[in-house]
Amino acid sequence: MERQDLLRKIPKVDELLGLPPLASLAEELPAGMARDAVREVLEELRQQALSGGLEALPGSMELAASAAKRARRTALPSLRPAINGTGVTLHTNLGRACLSRKAAEAVAAVARGYSTLEYDVENGCRGSRHSHIESLLASVTGSEAAMVVNNNAAAVLLMLSAIGKGGEVVASRGELVEIGGSFRIPEIMTQCGCTLREVGATNKTHLRDYEAAIGPETRALLRVHTSNYRIVGFSEQVPLAALAELGQKYGLPVIEDLGSGSLADLTSFGIHDEPTVQQSVKAGVDLISFSGDKLLGGPQAGLILGKKSYIDQLKKHPLARAVRVDKMTLAALRETLCAYLDPARAREEIPVLSMLSAPPHVLHGRAALLCQRLQDAGCPAQVVETEGQVGGGSCPTQTIPSWAVAVQPEGLTPDGLEEALRKREIPIIGRISKGQYLLDVRTLAEADFPTIEQAVREVVQ
Ligand SMILES: *Cc1c(COP(=O)(O)O)cnc(C)c1O
């Protein structure tokens, strides 16, 4: 066909919009999105025709279907649910902790209407948003007072600004942590207006090192949990209780950035070197901060526990307003913390804990089930033993044995499969190990299996 002829026969925008694939989209998508997609499809066709790269014109129905697909893709939120087949329980890029069902329901309940966020219903006057979790945290951890801020980075910022500003804060050279990005202890100190007084060496810091650094300018002693690395071998760290005692002797608060902040003892899950919040409270640390969405298994938040006089100081600080949490976070956090009143219930209800504690035979059974489904869908697959990680900058030296399904469709490389599954409406994120594409079942639920099966079915076609 002549180019002019082809160009003339390209259908009109409205003609395509009236066809079933697009007409049915009108209610689903924001106005104009389908029209824009049709315009783009037709413009590409025009360019192809002009360059001579178009042999024949596709049918109108085909063009409408292609535009509908494009419109749907454009309308897809970039932040959307995904399936985590990496086995990394606290995958920061995949949103860290999954909320428990009850926590998610509590979010929905306060999100859609008014709530008692800062309203004291007993006395009919203004209340405090921190009140919703303070007594609960006291029951679970034994702490005297508590508050919640946006995340643990904000908690550290607030503690150092309120307590350390204008003076010196003593910290060990072995704990000058970089969390990620530009969040590093020395830089944070500068930001908070305090002077970092480094003591000890990278591998060893003694109590006498802290004591020798204390002077008239000292405002606090800082302990930072080395969440994402470990110093092993010829190394020594001052026990927390001894540090707390030293603080007391000089009337100085001991501040601890605990990082993950586990409320459960994870040793029975095979995770041995993660301290608990309760241990820090018991050791007598004056201010302790940790994340809500790491091992705690709740929403993104920074929890601060400690002595009432210091917590009151933080609550009154101008920064507190800048880093405060919203009602949805508090609702999710309350439900998450409630589960910890009963350790067995916590292990069952909180996804992070149930994933980390899943016994090998359960994981093997789950992997066998998924493997069977994929084989039935016509895709070669096998159950393999693998090793997972906790993630979220927690337990860096710890790998946890797990089971995975190696997916091996014919005619597709592991990289090709990885891309095809990743780019779907519900992205499926797996891991390539030793040349195999793996779906680790520790972070998968059986409810994910139909979606994975359907995706693999479409990919192998
Ligand atoms: C993860 C971590 C932080 C940052 O916590 P966020 O909740 O991600 O802001 C700070 N300190 C330590 C030691 C951590 O492990």
# chains A, B, ... in the order shown; residues from 1 in each chain; ligands from 1
$ residues_around --residues "segment 164-172 of chain A" --least-positions-apart "6" --cutoff "12 Å" --atoms "only C-alpha atoms" --output "JSON, numbers by chain"
{"A": [156, 157, 158, 185, 186, 188, 189, 190, 191, 192, 193, 194, 195, 196, 197, 198, 199, 200, 201, 202, 203, 204, 205, 206, 207, 208, 209, 210, 211, 212, 213, 214, 215, 216, 217, 218, 219, 220, 221, 222, 223, 224, 225, 226, 236, 237, 238, 243, 247, 252, 253, 254, 255, 256, 257, 310, 313, 314, 317]}
$ residues_near_ligand --ligand "ligand 1" --cutoff "10 Å" --atoms "only C-alpha atoms and all ligand atoms" --output "PyMOL selection string"
chain A and resi 92+96+149-157+175-180+183-185+223-229+256-261+289-294+299-303+392-395
$ residues_around --residues "Glu43 of chain A" --least-positions-apart "3" --cutoff "12 Å" --atoms "only C-alpha atoms" --output "list of chain:residue names"
A:Leu7, A:Ile10, A:Pro11, A:Lys12, A:Val13, A:Asp36, A:Ala37, A:Val38, A:Arg39, A:Glu40, A:Arg46, A:Gln47, A:Gln48, A:Ala49, A:Leu50, A:Leu63, A:Ala67
$ residues_around --residues "segment 433-442 of chain A" --least-positions-apart "4" --cutoff "7 Å" --atoms "only C-alpha atoms" --output "PyMOL selection string"
chain A and resi 85-87+355+363+366-367+402-407+414
$ closest_residue --among "A:Asn93, A:Ser66, A:Ser115, A:Ser135" --to "Leu42 of chain A" --atoms "only C-alpha atoms"
A:Ser66
$ select_by_dssp --residues "segment 2-238 of chain A" --states "helix (DSSP H, G or I)" --output "PyMOL selection string"
chain A and resi 3-9+13-17+20-23+33-51+60-75+92-94+101-111+131-141+152-164+173-175+185-191+207-213
$ residues_around --residues "Ala455 of chain A" --least-positions-apart "2" --cutoff "9 Å" --atoms "only C-alpha atoms" --output "list of chain:residue names"
A:Ala420, A:Leu421, A:Arg424, A:Ile428, A:Pro450, A:Thr451, A:Ile452, A:Glu453, A:Arg457, A:Glu458, A:Val459, A:Val460
$ write_last_selection --atoms "C-alpha atoms" --output "JSON list (two decimals), in the first residue's frame"
[["chain", "number", "residue", "atom", "x", "y", "z"],
["A", 420, "ALA", "CA", 9.56, -10.66, 32.85],
["A", 421, "LEU", "CA", 8.28, -11.42, 36.35],
["A", 424, "ARG", "CA", 4.27, -7.29, 35.81],
["A", 428, "ILE", "CA", 7.29, -10.75, 41.43],
["A", 450, "PRO", "CA", -2.08, -18.34, 42.12],
["A", 451, "THR", "CA", -0.55, -15.01, 41.05],
["A", 452, "ILE", "CA", 2.88, -16.58, 40.59],
["A", 453, "GLU", "CA", 1.40, -19.52, 38.69],
["A", 457, "ARG", "CA", 2.02, -19.52, 32.70],
["A", 458, "GLU", "CA", 2.03, -16.31, 30.65],
["A", 459, "VAL", "CA", 5.81, -16.13, 30.56],
["A", 460, "VAL", "CA", 6.32, -19.69, 29.28]]
$ select_by_dssp --residues "segment 45-148 of chain A" --states "strand (DSSP E or B)" --output "list in words"
Ile83, Asn84, Leu90, Tyr119, Asp120, Cys125, Arg126, Ala145, Ala146, Met147 and Val148 of chain A
$ write_last_selection --atoms "C-alpha atoms" --output "compact mmCIF listing (two decimals), in the first residue's frame"
# COMPACT_ATOMS: atom_id res chain seq x y z
CA ILE A 83 5.46 -10.38 45.77
CA ASN A 84 8.71 -10.92 47.66
CA LEU A 90 13.00 -7.11 56.05
CA TYR A 119 -8.54 13.89 72.32
CA ASP A 120 -8.96 12.81 75.91
CA CYS A 125 -10.13 17.95 76.55
CA ARG A 126 -7.00 17.87 74.47
CA ALA A 145 7.91 6.61 79.55
CA ALA A 146 7.77 6.54 75.74
CA MET A 147 7.08 8.50 72.60
CA VAL A 148 6.92 7.73 68.89
$ closest_residue --among "A:Ser280, A:Ser60, A:Gln454, A:Gln375" --to "Val41 of chain A" --atoms "only C-alpha atoms"
A:Ser60
$ residues_around --residues "Tyr340 of chain A" --least-positions-apart "3" --cutoff "8 Å" --atoms "only C-alpha atoms" --output "ChimeraX atom specification"
/A:140,263-264,336-337,343,345-346
$ closest_residue --among "A:Asp448, A:Asp342, A:Glu385, A:Asp265" --to "Gln278 of chain A" --atoms "only C-alpha atoms"
A:Asp265
$ atom_distance --atom1 "atom CA of Arg35 of chain A" --atom2 "atom CA of Ala82 of chain A"
28.5 Å
$ residues_around --residues "Leu287 of chain A" --least-positions-apart "2" --cutoff "6 Å" --atoms "only C-alpha atoms" --output "list in words"
Ile255, Val285, Leu305 and Gly306 of chain A
$ write_last_selection --atoms "N, CA and C atoms" --output "PDB file, in the first residue's frame"
ATOM      1  N   ILE A 255      22.428   7.245  76.184  1.00  0.00           N
ATOM      2  CA  ILE A 255      21.488   7.161  75.067  1.00  0.00           C
ATOM      3  C   ILE A 255      21.886   5.968  74.208  1.00  0.00           C
ATOM      4  N   VAL A 285      19.530   1.870  80.733  1.00  0.00           N
ATOM      5  CA  VAL A 285      19.792   2.921  79.738  1.00  0.00           C
ATOM      6  C   VAL A 285      18.713   3.996  79.876  1.00  0.00           C
ATOM      7  N   LEU A 305      12.090   5.074  74.197  1.00  0.00           N
ATOM      8  CA  LEU A 305      11.702   4.680  75.555  1.00  0.00           C
ATOM      9  C   LEU A 305      12.696   5.273  76.528  1.00  0.00           C
ATOM     10  N   GLY A 306      12.275   5.448  77.763  1.00  0.00           N
ATOM     11  CA  GLY A 306      13.262   5.846  78.755  1.00  0.00           C
ATOM     12  C   GLY A 306      12.686   6.493  79.978  1.00  0.00           C
TER      13      GLY A 306
END
$ closest_residue --among "A:Leu417, A:Cys371, A:Met328, A:Cys379" --to "Ala104 of chain A" --atoms "only C-alpha atoms"
A:Met328
$ closest_residue --among "A:Leu341, A:Val383, A:Ala75, A:Ala65" --to "Gly32 of chain A" --atoms "only C-alpha atoms"
A:Ala75
$ decode --residues "segment 188-219 of chain A" --atoms "N, CA, C and O atoms" --output "CSV table (one decimal), in the first residue's frame"
chain,number,residue,atom,x,y,z
A,188,ILE,N,25.5,13.3,61.9
A,188,ILE,CA,24.3,13.5,62.7
A,188,ILE,C,24.6,14.4,63.9
A,188,ILE,O,23.9,15.3,64.2
A,189,MET,N,25.7,14.1,64.5
A,189,MET,CA,26.1,14.9,65.7
A,189,MET,C,26.3,16.3,65.3
A,189,MET,O,25.8,17.2,66.0
A,190,THR,N,27.0,16.6,64.2
A,190,THR,CA,27.2,18.0,63.7
A,190,THR,C,25.8,18.6,63.5
A,190,THR,O,25.5,19.7,63.9
A,191,GLN,N,24.9,17.9,62.8
A,191,GLN,CA,23.6,18.4,62.5
A,191,GLN,C,22.8,18.7,63.8
A,191,GLN,O,22.1,19.7,63.8
A,192,CYS,N,23.0,18.0,64.8
A,192,CYS,CA,22.3,18.2,66.1
A,192,CYS,C,23.0,19.3,67.0
A,192,CYS,O,22.5,19.5,68.1
A,193,GLY,N,24.1,19.8,66.5
A,193,GLY,CA,24.8,20.9,67.3
A,193,GLY,C,25.6,20.3,68.5
A,193,GLY,O,25.8,21.0,69.5
A,194,CYS,N,25.9,19.0,68.4
A,194,CYS,CA,26.8,18.5,69.5
A,194,CYS,C,28.2,18.1,68.9
A,194,CYS,O,28.3,17.8,67.7
A,195,THR,N,29.1,18.0,69.8
A,195,THR,CA,30.5,17.7,69.4
A,195,THR,C,30.7,16.2,69.7
A,195,THR,O,30.4,15.8,70.9
A,196,LEU,N,31.1,15.4,68.7
A,196,LEU,CA,31.3,14.0,69.0
A,196,LEU,C,32.7,13.9,69.7
A,196,LEU,O,33.7,14.4,69.2
A,197,ARG,N,32.7,13.2,70.8
A,197,ARG,CA,33.9,12.9,71.5
A,197,ARG,C,34.2,11.4,71.3
A,197,ARG,O,33.6,10.6,72.0
A,198,GLU,N,35.0,11.1,70.4
A,198,GLU,CA,35.3,9.7,70.1
A,198,GLU,C,36.3,9.1,71.1
A,198,GLU,O,37.2,9.7,71.5
A,199,VAL,N,36.0,7.9,71.5
A,199,VAL,CA,36.8,7.2,72.5
A,199,VAL,C,37.1,5.8,72.1
A,199,VAL,O,36.4,5.2,71.3
A,200,GLY,N,38.2,5.2,72.6
A,200,GLY,CA,38.6,3.8,72.3
A,200,GLY,C,39.2,3.6,70.9
A,200,GLY,O,39.6,4.6,70.2
A,201,ALA,N,39.2,2.4,70.5
A,201,ALA,CA,39.7,2.0,69.2
A,201,ALA,C,38.6,1.3,68.4
A,201,ALA,O,37.5,1.0,69.0
A,202,THR,N,38.8,1.1,67.1
A,202,THR,CA,37.8,0.4,66.3
A,202,THR,C,37.3,-0.9,66.9
A,202,THR,O,36.1,-1.2,67.0
A,203,ASN,N,38.3,-1.7,67.4
A,203,ASN,CA,38.0,-3.0,67.9
A,203,ASN,C,37.7,-3.1,69.4
A,203,ASN,O,37.0,-4.0,69.9
A,204,LYS,N,38.3,-2.2,70.1
A,204,LYS,CA,38.1,-2.2,71.6
A,204,LYS,C,37.9,-0.9,72.2
A,204,LYS,O,38.7,0.1,72.0
A,205,THR,N,36.9,-0.8,73.1
A,205,THR,CA,36.7,0.4,73.9
A,205,THR,C,36.4,-0.1,75.3
A,205,THR,O,35.6,-1.0,75.5
A,206,HIS,N,37.1,0.5,76.3
A,206,HIS,CA,37.0,0.1,77.7
A,206,HIS,C,36.2,1.2,78.4
A,206,HIS,O,36.0,2.3,78.0
A,207,LEU,N,35.7,0.8,79.6
A,207,LEU,CA,34.9,1.7,80.4
A,207,LEU,C,35.8,2.9,80.8
A,207,LEU,O,35.3,4.0,80.8
A,208,ARG,N,37.1,2.6,81.1
A,208,ARG,CA,38.0,3.7,81.5
A,208,ARG,C,38.1,4.8,80.3
A,208,ARG,O,38.4,5.9,80.6
A,209,ASP,N,37.9,4.3,79.1
A,209,ASP,CA,38.0,5.3,77.9
A,209,ASP,C,36.9,6.3,78.0
A,209,ASP,O,37.0,7.5,77.8
A,210,TYR,N,35.7,5.8,78.3
A,210,TYR,CA,34.5,6.6,78.5
A,210,TYR,C,34.7,7.6,79.6
A,210,TYR,O,34.5,8.8,79.5
A,211,GLU,N,35.2,7.0,80.7
A,211,GLU,CA,35.3,7.8,82.0
A,211,GLU,C,36.3,9.0,81.8
A,211,GLU,O,36.1,10.1,82.2
A,212,ALA,N,37.4,8.6,81.1
A,212,ALA,CA,38.5,9.6,80.9
A,212,ALA,C,38.0,10.8,80.0
A,212,ALA,O,38.5,11.9,80.1
A,213,ALA,N,37.0,10.6,79.2
A,213,ALA,CA,36.5,11.6,78.3
A,213,ALA,C,35.5,12.5,78.9
A,213,ALA,O,35.1,13.5,78.4
A,214,ILE,N,35.0,12.1,80.1
A,214,ILE,CA,33.9,12.9,80.7
A,214,ILE,C,34.5,14.2,81.3
A,214,ILE,O,35.5,14.2,82.0
A,215,GLY,N,33.9,15.3,81.0
A,215,GLY,CA,34.3,16.6,81.5
A,215,GLY,C,33.1,17.6,81.6
A,215,GLY,O,32.0,17.1,81.5
A,216,PRO,N,33.4,18.8,81.9
A,216,PRO,CA,32.3,19.8,82.1
A,216,PRO,C,31.4,20.0,80.9
A,216,PRO,O,30.3,20.4,81.0
A,217,GLU,N,31.9,19.7,79.7
A,217,GLU,CA,31.1,19.9,78.5
A,217,GLU,C,30.3,18.6,78.1
A,217,GLU,O,29.4,18.7,77.2
A,218,THR,N,30.5,17.5,78.8
A,218,THR,CA,29.8,16.3,78.4
A,218,THR,C,28.3,16.4,78.7
A,218,THR,O,27.9,16.8,79.8
A,219,ARG,N,27.5,16.0,77.7
A,219,ARG,CA,26.1,16.0,77.9
A,219,ARG,C,25.5,14.6,78.0
A,219,ARG,O,24.4,14.4,78.5
